[in-house]
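Asker: Below is the file start.txt, which contains compact mmCIF, C-alpha atoms.
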# COMPACT_ATOMS: atom_id res chain seq x y z
CA MET A 919 8.81 -11.08 28.83
CA SER A 920 12.58 -10.91 28.63
CA SER A 921 12.80 -12.92 25.41
CA GLN A 922 10.40 -10.61 23.55
CA PRO A 923 12.92 -8.10 22.15
CA LYS A 924 15.09 -10.94 20.91
CA LEU A 925 12.09 -12.63 19.31
CA PHE A 926 11.00 -9.49 17.47
CA ASP A 927 14.55 -8.81 16.34
CA GLN A 928 14.60 -12.33 14.89
CA ILE A 929 11.34 -11.75 13.04
CA ARG A 930 12.53 -8.42 11.65
CA SER A 931 15.81 -9.95 10.52
CA VAL A 932 14.13 -12.79 8.61
CA LEU A 933 11.53 -10.45 7.08
CA ARG A 934 14.20 -8.07 5.84
CA ARG A 935 16.34 -10.86 4.43
CA ARG A 936 13.32 -11.97 2.42
CA HIS A 937 12.63 -8.38 1.30
CA TYR A 938 9.19 -8.01 2.86
CA SER A 939 7.81 -4.48 2.95
CA TYR A 940 7.95 -2.31 6.06
CA LYS A 941 4.13 -2.43 6.25
CA THR A 942 4.21 -6.23 6.36
CA GLU A 943 6.93 -6.09 9.00
CA LYS A 944 4.81 -3.86 11.24
CA SER A 945 1.74 -6.02 10.66
CA TYR A 946 3.48 -9.31 11.47
CA ILE A 947 5.09 -7.88 14.61
CA TYR A 948 1.69 -6.58 15.71
CA TRP A 949 -0.03 -9.96 15.31
CA VAL A 950 2.72 -11.87 17.08
CA ARG A 951 2.40 -9.39 19.98
CA GLN A 952 -1.37 -9.97 20.06
CA PHE A 953 -0.88 -13.73 19.97
CA VAL A 954 1.57 -13.65 22.88
CA ALA A 955 -0.68 -11.32 24.91
CA PHE A 956 -3.74 -13.50 24.28
CA HIS A 957 -1.93 -16.49 25.78
CA GLY A 958 -0.81 -14.65 28.90
CA MET A 959 2.68 -13.66 27.65
CA LYS A 960 3.67 -17.28 27.14
CA SER A 961 6.66 -17.77 24.85
CA PRO A 962 5.62 -18.74 21.29
CA ARG A 963 8.31 -21.44 21.38
CA GLU A 964 6.23 -23.24 23.99
CA MET A 965 3.08 -23.06 21.87
CA GLY A 966 1.89 -24.50 18.59
CA ALA A 967 -1.14 -25.43 16.49
CA SER A 968 -3.71 -25.58 19.32
CA GLU A 969 -2.78 -22.12 20.59
CA VAL A 970 -2.86 -20.69 17.04
CA GLU A 971 -6.29 -22.25 16.51
CA ALA A 972 -7.60 -20.76 19.76
CA PHE A 973 -6.28 -17.30 18.85
CA LEU A 974 -7.80 -17.35 15.35
CA THR A 975 -11.14 -18.47 16.78
CA HIS A 976 -10.99 -15.62 19.30
CA LEU A 977 -10.45 -13.13 16.48
CA ALA A 978 -13.46 -14.45 14.55
CA VAL A 979 -15.91 -14.95 17.45
CA HIS A 980 -15.06 -12.23 19.96
CA GLN A 981 -13.24 -9.61 17.90
CA GLN A 982 -15.48 -10.23 14.86
CA VAL A 983 -12.68 -9.32 12.47
CA ALA A 984 -13.00 -9.51 8.69
CA PRO A 985 -11.76 -12.66 6.91
CA SER A 986 -8.84 -10.71 5.44
CA THR A 987 -7.78 -9.62 8.94
CA GLN A 988 -7.96 -13.17 10.26
CA ASN A 989 -5.93 -14.37 7.26
CA GLN A 990 -3.33 -11.70 7.90
CA ALA A 991 -2.96 -12.80 11.53
CA PHE A 992 -2.66 -16.43 10.39
CA SER A 993 0.01 -15.48 7.82
CA ALA A 994 2.01 -13.72 10.54
CA LEU A 995 1.93 -16.78 12.80
CA LEU A 996 2.75 -19.13 9.93
CA PHE A 997 5.75 -16.95 9.15
CA LEU A 998 6.85 -17.05 12.79
CA TYR A 999 6.74 -20.84 13.09
CA ARG A 1000 7.76 -21.76 9.55
CA GLU A 1001 10.42 -19.16 8.74
CA VAL A 1002 11.72 -18.02 12.13
CA TYR A 1003 11.41 -21.24 14.18
CA GLN A 1004 11.82 -23.53 11.15
CA ARG A 1005 8.96 -25.76 12.26
CA ASP A 1006 6.62 -27.93 10.22
CA THR A 1007 3.32 -26.02 9.88
CA ASN A 1008 1.18 -28.64 8.19
CA TRP A 1009 -1.43 -27.99 10.85
CA ASN A 1010 -4.96 -29.34 10.58
CA LEU A 1011 -6.60 -26.33 12.21
CA ASP A 1012 -10.29 -26.24 13.02
CA ALA A 1013 -10.52 -22.56 13.91
CA GLU A 1014 -13.81 -20.71 13.58
CA ARG A 1015 -13.68 -18.74 10.34
CA ALA A 1016 -14.45 -15.04 10.20
CA VAL A 1017 -17.77 -14.33 8.49
CA PRO A 1018 -17.33 -12.56 5.13
CA LYS A 1019 -19.37 -9.40 4.70
CA ARG A 1020 -20.71 -8.13 1.41
CA TYR A 1021 -18.75 -4.97 0.77
CA LEU A 1022 -19.46 -2.29 -1.81
CA PRO A 1023 -16.73 0.35 -2.00
CA THR A 1024 -17.50 4.05 -1.82
CA VAL A 1025 -17.34 5.62 -5.27
CA LEU A 1026 -17.34 9.31 -6.10
CA THR A 1027 -18.89 10.95 -9.13
CA GLN A 1028 -16.50 12.79 -11.43
CA GLU A 1029 -17.96 16.06 -10.17
CA GLU A 1030 -17.26 15.04 -6.56
CA VAL A 1031 -13.69 14.08 -7.46
CA GLN A 1032 -13.09 17.52 -8.97
CA ALA A 1033 -14.67 19.29 -5.99
CA ILE A 1034 -12.38 17.44 -3.58
CA LEU A 1035 -9.27 17.97 -5.71
CA GLN A 1036 -9.88 21.72 -5.81
CA ASN A 1037 -9.71 21.79 -2.02
CA ILE A 1038 -6.53 19.75 -1.58
CA PRO A 1039 -3.49 22.01 -1.17
CA GLY A 1040 -0.03 21.98 -2.74
CA VAL A 1041 1.79 18.85 -3.80
CA TYR A 1042 -0.84 16.66 -2.14
CA GLN A 1043 -3.29 17.63 -4.88
CA LEU A 1044 -0.89 16.31 -7.52
CA VAL A 1045 -0.46 13.06 -5.57
CA VAL A 1046 -4.22 12.48 -5.44
CA LYS A 1047 -4.58 13.33 -9.14
CA VAL A 1048 -2.09 10.56 -9.89
CA LEU A 1049 -4.01 8.13 -7.65
CA TYR A 1050 -7.29 8.87 -9.42
CA GLY A 1051 -5.91 9.39 -12.93
CA SER A 1052 -3.87 6.16 -12.95
CA GLY A 1053 -5.72 3.96 -10.45
CA LEU A 1054 -2.87 3.66 -7.95
CA ARG A 1055 -2.87 2.66 -4.32
CA LEU A 1056 -1.51 5.38 -2.02
CA SER A 1057 1.69 3.43 -1.31
CA GLU A 1058 2.25 2.92 -5.06
CA GLY A 1059 1.86 6.62 -5.77
CA LEU A 1060 4.24 7.71 -3.02
CA GLN A 1061 6.87 5.12 -3.94
CA LEU A 1062 7.09 6.22 -7.59
CA ARG A 1063 10.64 6.89 -8.81
CA VAL A 1064 11.58 9.33 -11.58
CA LYS A 1065 12.37 6.42 -13.90
CA ASP A 1066 8.84 5.01 -13.48
CA LEU A 1067 7.26 7.91 -15.37
CA ASP A 1068 7.35 7.32 -19.13
CA PHE A 1069 6.18 10.61 -20.61
CA ALA A 1070 6.84 9.53 -24.20
CA GLN A 1071 4.64 6.44 -23.94
CA ARG A 1072 2.18 8.13 -21.56
CA GLN A 1073 2.49 5.32 -19.02
CA ILE A 1074 3.56 4.60 -15.47
CA VAL A 1075 5.55 1.46 -14.70
CA LEU A 1076 4.84 0.04 -11.24
CA ARG A 1077 7.36 -2.45 -9.89
CA ASP A 1078 7.13 -4.86 -6.95
CA THR A 1079 3.69 -3.70 -5.89
CA LYS A 1080 1.20 -5.64 -3.76
CA GLY A 1081 2.00 -9.32 -4.04
CA ARG A 1082 5.41 -8.41 -5.50
CA GLU A 1083 3.82 -7.97 -8.92
CA SER A 1084 4.65 -5.36 -11.56
CA ARG A 1085 2.30 -3.70 -14.00
CA VAL A 1086 1.88 -0.79 -16.41
CA THR A 1087 -0.92 1.77 -16.22
CA MET A 1088 -1.74 4.97 -18.07
CA LEU A 1089 -0.25 8.39 -17.44
CA PRO A 1090 -3.06 10.90 -18.09
CA ASP A 1091 -2.30 13.56 -20.70
CA SER A 1092 -3.53 16.24 -18.30
CA LEU A 1093 -0.82 15.30 -15.78
CA VAL A 1094 2.16 15.42 -18.16
CA ASP A 1095 2.86 19.15 -17.82
CA PRO A 1096 2.13 19.35 -14.06
CA LEU A 1097 4.39 16.37 -13.36
CA GLN A 1098 7.21 17.68 -15.53
CA GLN A 1099 7.04 21.05 -13.77
CA HIS A 1100 6.92 19.29 -10.41
CA LEU A 1101 10.03 17.26 -11.30
CA GLN A 1102 11.92 20.48 -12.06
CA TRP A 1103 11.25 21.53 -8.46
CA VAL A 1104 12.23 18.06 -7.19
CA LYS A 1105 15.48 18.24 -9.17
CA ARG A 1106 16.41 21.54 -7.53
CA ILE A 1107 15.97 19.93 -4.10
CA TYR A 1108 17.99 16.94 -5.26
CA ARG A 1109 20.88 19.14 -6.43
CA GLN A 1110 20.84 21.09 -3.17
CA ASP A 1111 21.05 17.81 -1.27
CA LEU A 1112 24.04 16.73 -3.39
CA GLU A 1113 25.80 20.05 -2.79
CA GLN A 1114 25.33 19.59 0.96
CA GLY A 1115 26.75 16.06 0.86
CA TYR A 1116 23.47 14.17 0.79
CA GLY A 1117 21.25 13.17 -2.15
CA LEU A 1118 20.94 9.52 -1.15
CA VAL A 1119 17.74 7.54 -1.61
CA ARG A 1120 16.91 4.03 -0.45
CA LEU A 1121 17.14 1.43 -3.19
CA PRO A 1122 14.94 -1.67 -3.37
CA TYR A 1123 16.33 -5.07 -2.38
CA ALA A 1124 20.00 -5.75 -3.20
CA LEU A 1125 20.42 -3.03 -5.83
CA GLN A 1126 22.40 -0.89 -3.40
CA ARG A 1127 25.12 -3.55 -3.27
CA LYS A 1128 24.92 -4.31 -6.97
CA TYR A 1129 24.99 -0.64 -8.04
CA PRO A 1130 26.73 1.24 -5.20
CA ASN A 1131 26.42 4.66 -6.91
CA ALA A 1132 22.81 4.31 -8.00
CA GLU A 1133 21.44 5.67 -4.71
CA ARG A 1134 22.71 9.12 -5.76
CA GLU A 1135 21.38 8.99 -9.32
CA TRP A 1136 18.52 11.23 -10.42
CA VAL A 1137 16.41 8.45 -11.97
CA TRP A 1138 16.13 6.66 -8.61
CA GLN A 1139 14.85 9.70 -6.71
CA TYR A 1140 11.27 9.70 -5.47
CA VAL A 1141 8.73 11.65 -7.54
CA PHE A 1142 7.16 12.89 -4.31
CA PRO A 1143 10.08 13.38 -1.90
CA ALA A 1144 9.63 14.25 1.76
CA PHE A 1145 10.06 17.87 2.80
CA SER A 1146 13.05 16.98 4.97
CA ARG A 1147 15.79 14.36 5.21
CA ALA A 1148 15.70 11.62 7.85
CA LEU A 1149 17.89 8.95 9.43
CA GLY A 1150 17.36 5.44 8.07
CA ARG A 1151 15.68 3.14 10.62
CA GLU A 1152 18.06 0.27 9.83
CA ASP A 1153 21.46 1.81 9.15
CA GLY A 1154 21.28 5.39 10.45
CA VAL A 1155 22.17 6.84 7.02
CA VAL A 1156 20.63 10.23 6.22
CA ARG A 1157 18.38 10.01 3.17
CA ARG A 1158 15.37 11.79 1.68
CA HIS A 1159 12.41 9.44 1.78
CA HIS A 1160 9.06 9.94 0.04
CA LEU A 1161 6.13 11.87 1.50
CA HIS A 1162 4.48 10.19 4.46
CA GLU A 1163 1.08 8.60 3.87
CA SER A 1164 -0.47 10.46 6.80
CA GLY A 1165 0.14 13.83 5.13
CA VAL A 1166 -1.84 12.83 2.04
CA GLN A 1167 -4.58 11.24 4.14
CA LYS A 1168 -5.03 14.42 6.19
CA ALA A 1169 -5.10 16.56 3.03
CA VAL A 1170 -7.82 14.33 1.50
CA LYS A 1171 -9.86 14.45 4.71
CA GLN A 1172 -9.66 18.25 4.68
CA GLY A 1173 -10.59 18.41 0.99
CA VAL A 1174 -13.65 16.21 1.55
CA ARG A 1175 -14.79 18.34 4.48
CA VAL A 1176 -14.37 21.67 2.66
CA ALA A 1177 -16.07 20.31 -0.47
CA GLY A 1178 -19.03 19.20 1.65
CA ILE A 1179 -19.02 15.62 0.33
CA GLN A 1180 -21.25 13.46 2.53
CA LYS A 1181 -19.47 10.18 1.88
CA ARG A 1182 -16.79 8.23 3.71
CA VAL A 1183 -13.80 9.01 1.52
CA SER A 1184 -10.21 7.77 1.83
CA CYS A 1185 -7.24 7.85 -0.54
CA HIS A 1186 -8.28 4.40 -1.78
CA THR A 1187 -11.68 5.79 -2.80
CA PHE A 1188 -9.99 7.46 -5.77
CA ARG A 1189 -8.77 4.06 -7.00
CA HIS A 1190 -12.31 2.68 -6.67
CA SER A 1191 -13.63 5.69 -8.57
CA PHE A 1192 -11.01 5.25 -11.32
CA ALA A 1193 -12.16 1.67 -11.95
CA THR A 1194 -15.88 2.47 -11.82
CA HIS A 1195 -15.58 5.45 -14.16
CA LEU A 1196 -13.64 3.37 -16.69
CA LEU A 1197 -16.41 0.75 -16.69
CA GLN A 1198 -19.02 3.49 -17.02
CA ASN A 1199 -17.13 4.72 -20.07
CA GLY A 1200 -17.43 1.32 -21.69
CA TYR A 1201 -13.97 -0.15 -21.13
CA ASP A 1202 -13.66 -3.93 -20.91
CA ILE A 1203 -13.42 -5.37 -17.41
CA ARG A 1204 -10.28 -7.32 -18.34
CA THR A 1205 -8.60 -4.04 -19.28
CA VAL A 1206 -9.59 -2.52 -15.94
CA GLN A 1207 -8.33 -5.65 -14.16
CA GLU A 1208 -4.94 -5.29 -15.83
CA LEU A 1209 -4.66 -1.59 -15.03
CA LEU A 1210 -5.51 -2.21 -11.36
CA GLY A 1211 -3.18 -5.19 -11.08
CA HIS A 1212 -5.83 -7.60 -9.79
CA LYS A 1213 -4.82 -11.27 -10.03
CA ASP A 1214 -8.41 -12.46 -10.24
CA VAL A 1215 -11.12 -10.77 -12.31
CA LYS A 1216 -13.57 -11.57 -9.48
CA THR A 1217 -11.88 -8.80 -7.48
CA THR A 1218 -12.54 -6.34 -10.30
CA MET A 1219 -16.14 -7.55 -10.65
CA ILE A 1220 -17.05 -5.69 -7.44
CA TYR A 1221 -17.21 -2.51 -9.51
CA THR A 1222 -19.93 -3.94 -11.72
CA HIS A 1223 -22.00 -4.34 -8.55
CA VAL A 1224 -21.32 -0.71 -7.72
CA LEU A 1225 -22.65 0.30 -11.14
CA ASN A 1226 -25.86 -1.65 -10.46
CA ARG A 1227 -26.33 -0.40 -6.91
CA GLY A 1228 -29.75 1.00 -6.11
CA GLY A 1229 -31.53 -0.87 -8.90
CA ARG A 1230 -30.07 1.33 -11.60
CA GLY A 1231 -31.78 0.52 -14.89
CA VAL A 1232 -35.00 -0.60 -13.15
CA ARG A 1233 -37.86 1.89 -13.05
CA SER A 1234 -39.42 2.37 -9.62
CA PRO A 1235 -43.21 1.92 -9.43
CA LEU A 1236 -43.36 5.25 -7.60
CA ASP A 1237 -42.11 6.97 -10.75
CA GLY A 1238 -44.87 5.33 -12.75
Show me the file's structure as structure tokens.
Answerer:
Amino acid sequence: MSSQPKLFDQIRSVLRRRHYSYKTEKSYIYWVRQFVAFHGMKSPREMGASEVEAFLTHLAVHQQVAPSTQNQAFSALLFLYREVYQRDTNWNLDAERAVPKRYLPTVLTQEEVQAILQNIPGVYQLVVKVLYGSGLRLSEGLQLRVKDLDFAQRQIVLRDTKGRESRVTMLPDSLVDPLQQHLQWVKRIYRQDLEQGYGLVRLPYALQRKYPNAEREWVWQYVFPAFSRALGREDGVVRRHHLHESGVQKAVKQGVRVAGIQKRVSCHTFRHSFATHLLQNGYDIRTVQELLGHKDVKTTMIYTHVLNRGGRGVRSPLDG
């Protein structure tokens, strides 16, 4: 469809003006593509509520997606019609809703965590230790800046995370020395970049215009910088980004395999394990909620179900 590139350029432009993350940008573009393909490559301008309803029903009935996936697709289409096309989206949709599934996250024991960590190589091991030790999402850990680490107060300040919220979580005592040594190595790379005429880092939102020299300052550098510099996807400027998520994910997968852990483990499993282990140690669920950055305590309550899984606390009649 000849209008497609123009449409997607429009979507990207509006998303970036409103400071949406790159992940959200990719997700919204994906769902608009799926929507257009589902309706035989018909232009979205020629469609509306009935076509959106049919697409959402298709996702629930035929694709059997999770409710969160269906909601994400709906958010993408709402953004398209409301923000890009400037249309009224007070639709009274009667789409079939995706069926929610009871989900209990995979949780590792502390012994399993240590076994996996021992088999993760290099800087990736330090990344995963931060994820587990502070309860971070992978994207939050990789996007940490030097200024976000408060060694004196033993805390990590997370800004503009999921839902554009900010929060403070703990910095484990056992990671203070490793992180400080790691930052010495990062600073050497940073100085080499400066000497070679580089040293730039992408700044969030409009800070680059407000503080034109800040993109070269040490405090704004990533804690876990990429091994090489790269051209910016928007402006073609050479910068050093943070490590790519796929590198950490592959390292975790390898560590799980070598450790012989027979569970389905991802980077997010360490965040689940962080929360569960805190509750096991007697910490209040509201404290855990705050450290994780959950808006609703019901989200955090899932870990209490994990603690009770398998009838823990109830004696089996077989053991009698």
Asker: Within 12 Å of Gly1165 in chain A, counting only C-alpha atoms, which residues qualify if same-chain residues fewer than 3 places away don't, as a list in words?
Answerer: Ile1038, Pro1039, Gly1040, Val1041, Tyr1042, Gln1043, Val1045, Val1046, Leu1056, Leu1060, Phe1142, Ala1144, Phe1145, His1160, Leu1161, His1162, Lys1168, Ala1169, Val1170, Lys1171, Gln1172 and Cys1185 of chain A
Asker: Compare A:Lys1213, A:Ala991, A:Lys924, A:Tyr946 by their minimum atom-to-atom distance to Ser961 in chain A, counting all atoms listed in the file, and give me the closest one.
Answerer: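 Nearest to Ser961 in chain A: A:Lys924.
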Asker: Need the shell around Ala1013 in chain A: protein/DNA/RNA residues with any atom at most 9 Å away, counting all atoms listed in the file. Skip same-chain ones fewer than 2 positions apart. Format as a list in words?
Answerer: Val970, Glu971, Ala972, Phe973, Leu974, Thr975, His976, Ala978, Leu1011 and Arg1015 of chain A
Asker: Pick out the closest residue to Gln1036 in chain A from this set: A:Val1156, A:Leu1022, A:Ala1177, A:Val1002. Count all atoms listed in the file.
Answerer: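 Using all atoms listed in the file, Gln1036 in chain A sits closest to A:Ala1177.
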Asker: Need to verify the contact set: Met965 in chain A, 10 Å, only C-alpha atoms, exclusion of same-chain residues closer than 6 positions in sequence. Can you return it as number ranges by chain?
Answerer: A: 954, 957, 999
Asker: Report, in Å to a single decimal, how far apart CA of Arg1120 in chain A and CA of Gly1059 in chain A are.
Answerer: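 It comes out at 16.2 Å.
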Asker: Using only C-alpha atoms, find the one residue out of A:Glu1014, A:Glu969, A:Glu1001, A:Asp1091 that sits nearest to Gln982 in chain A.
Answerer: A:Glu1014
Asker: Looking at only C-alpha atoms, which of A:Ala1070, A:Arg1077, A:Gln1207, A:Tyr1050 is the one that sits closest to Leu1026 in chain A?
Answerer: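 Answer, going by the shortest atom-to-atom distance: A:Tyr1050.
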Asker: Restricting the calculation to all atoms listed in the file: of A:Leu1054, A:Leu1044, A:Val1224, A:Ile1034, which residue gets closest to Thr1087 in chain A?
Answerer: A:Leu1054
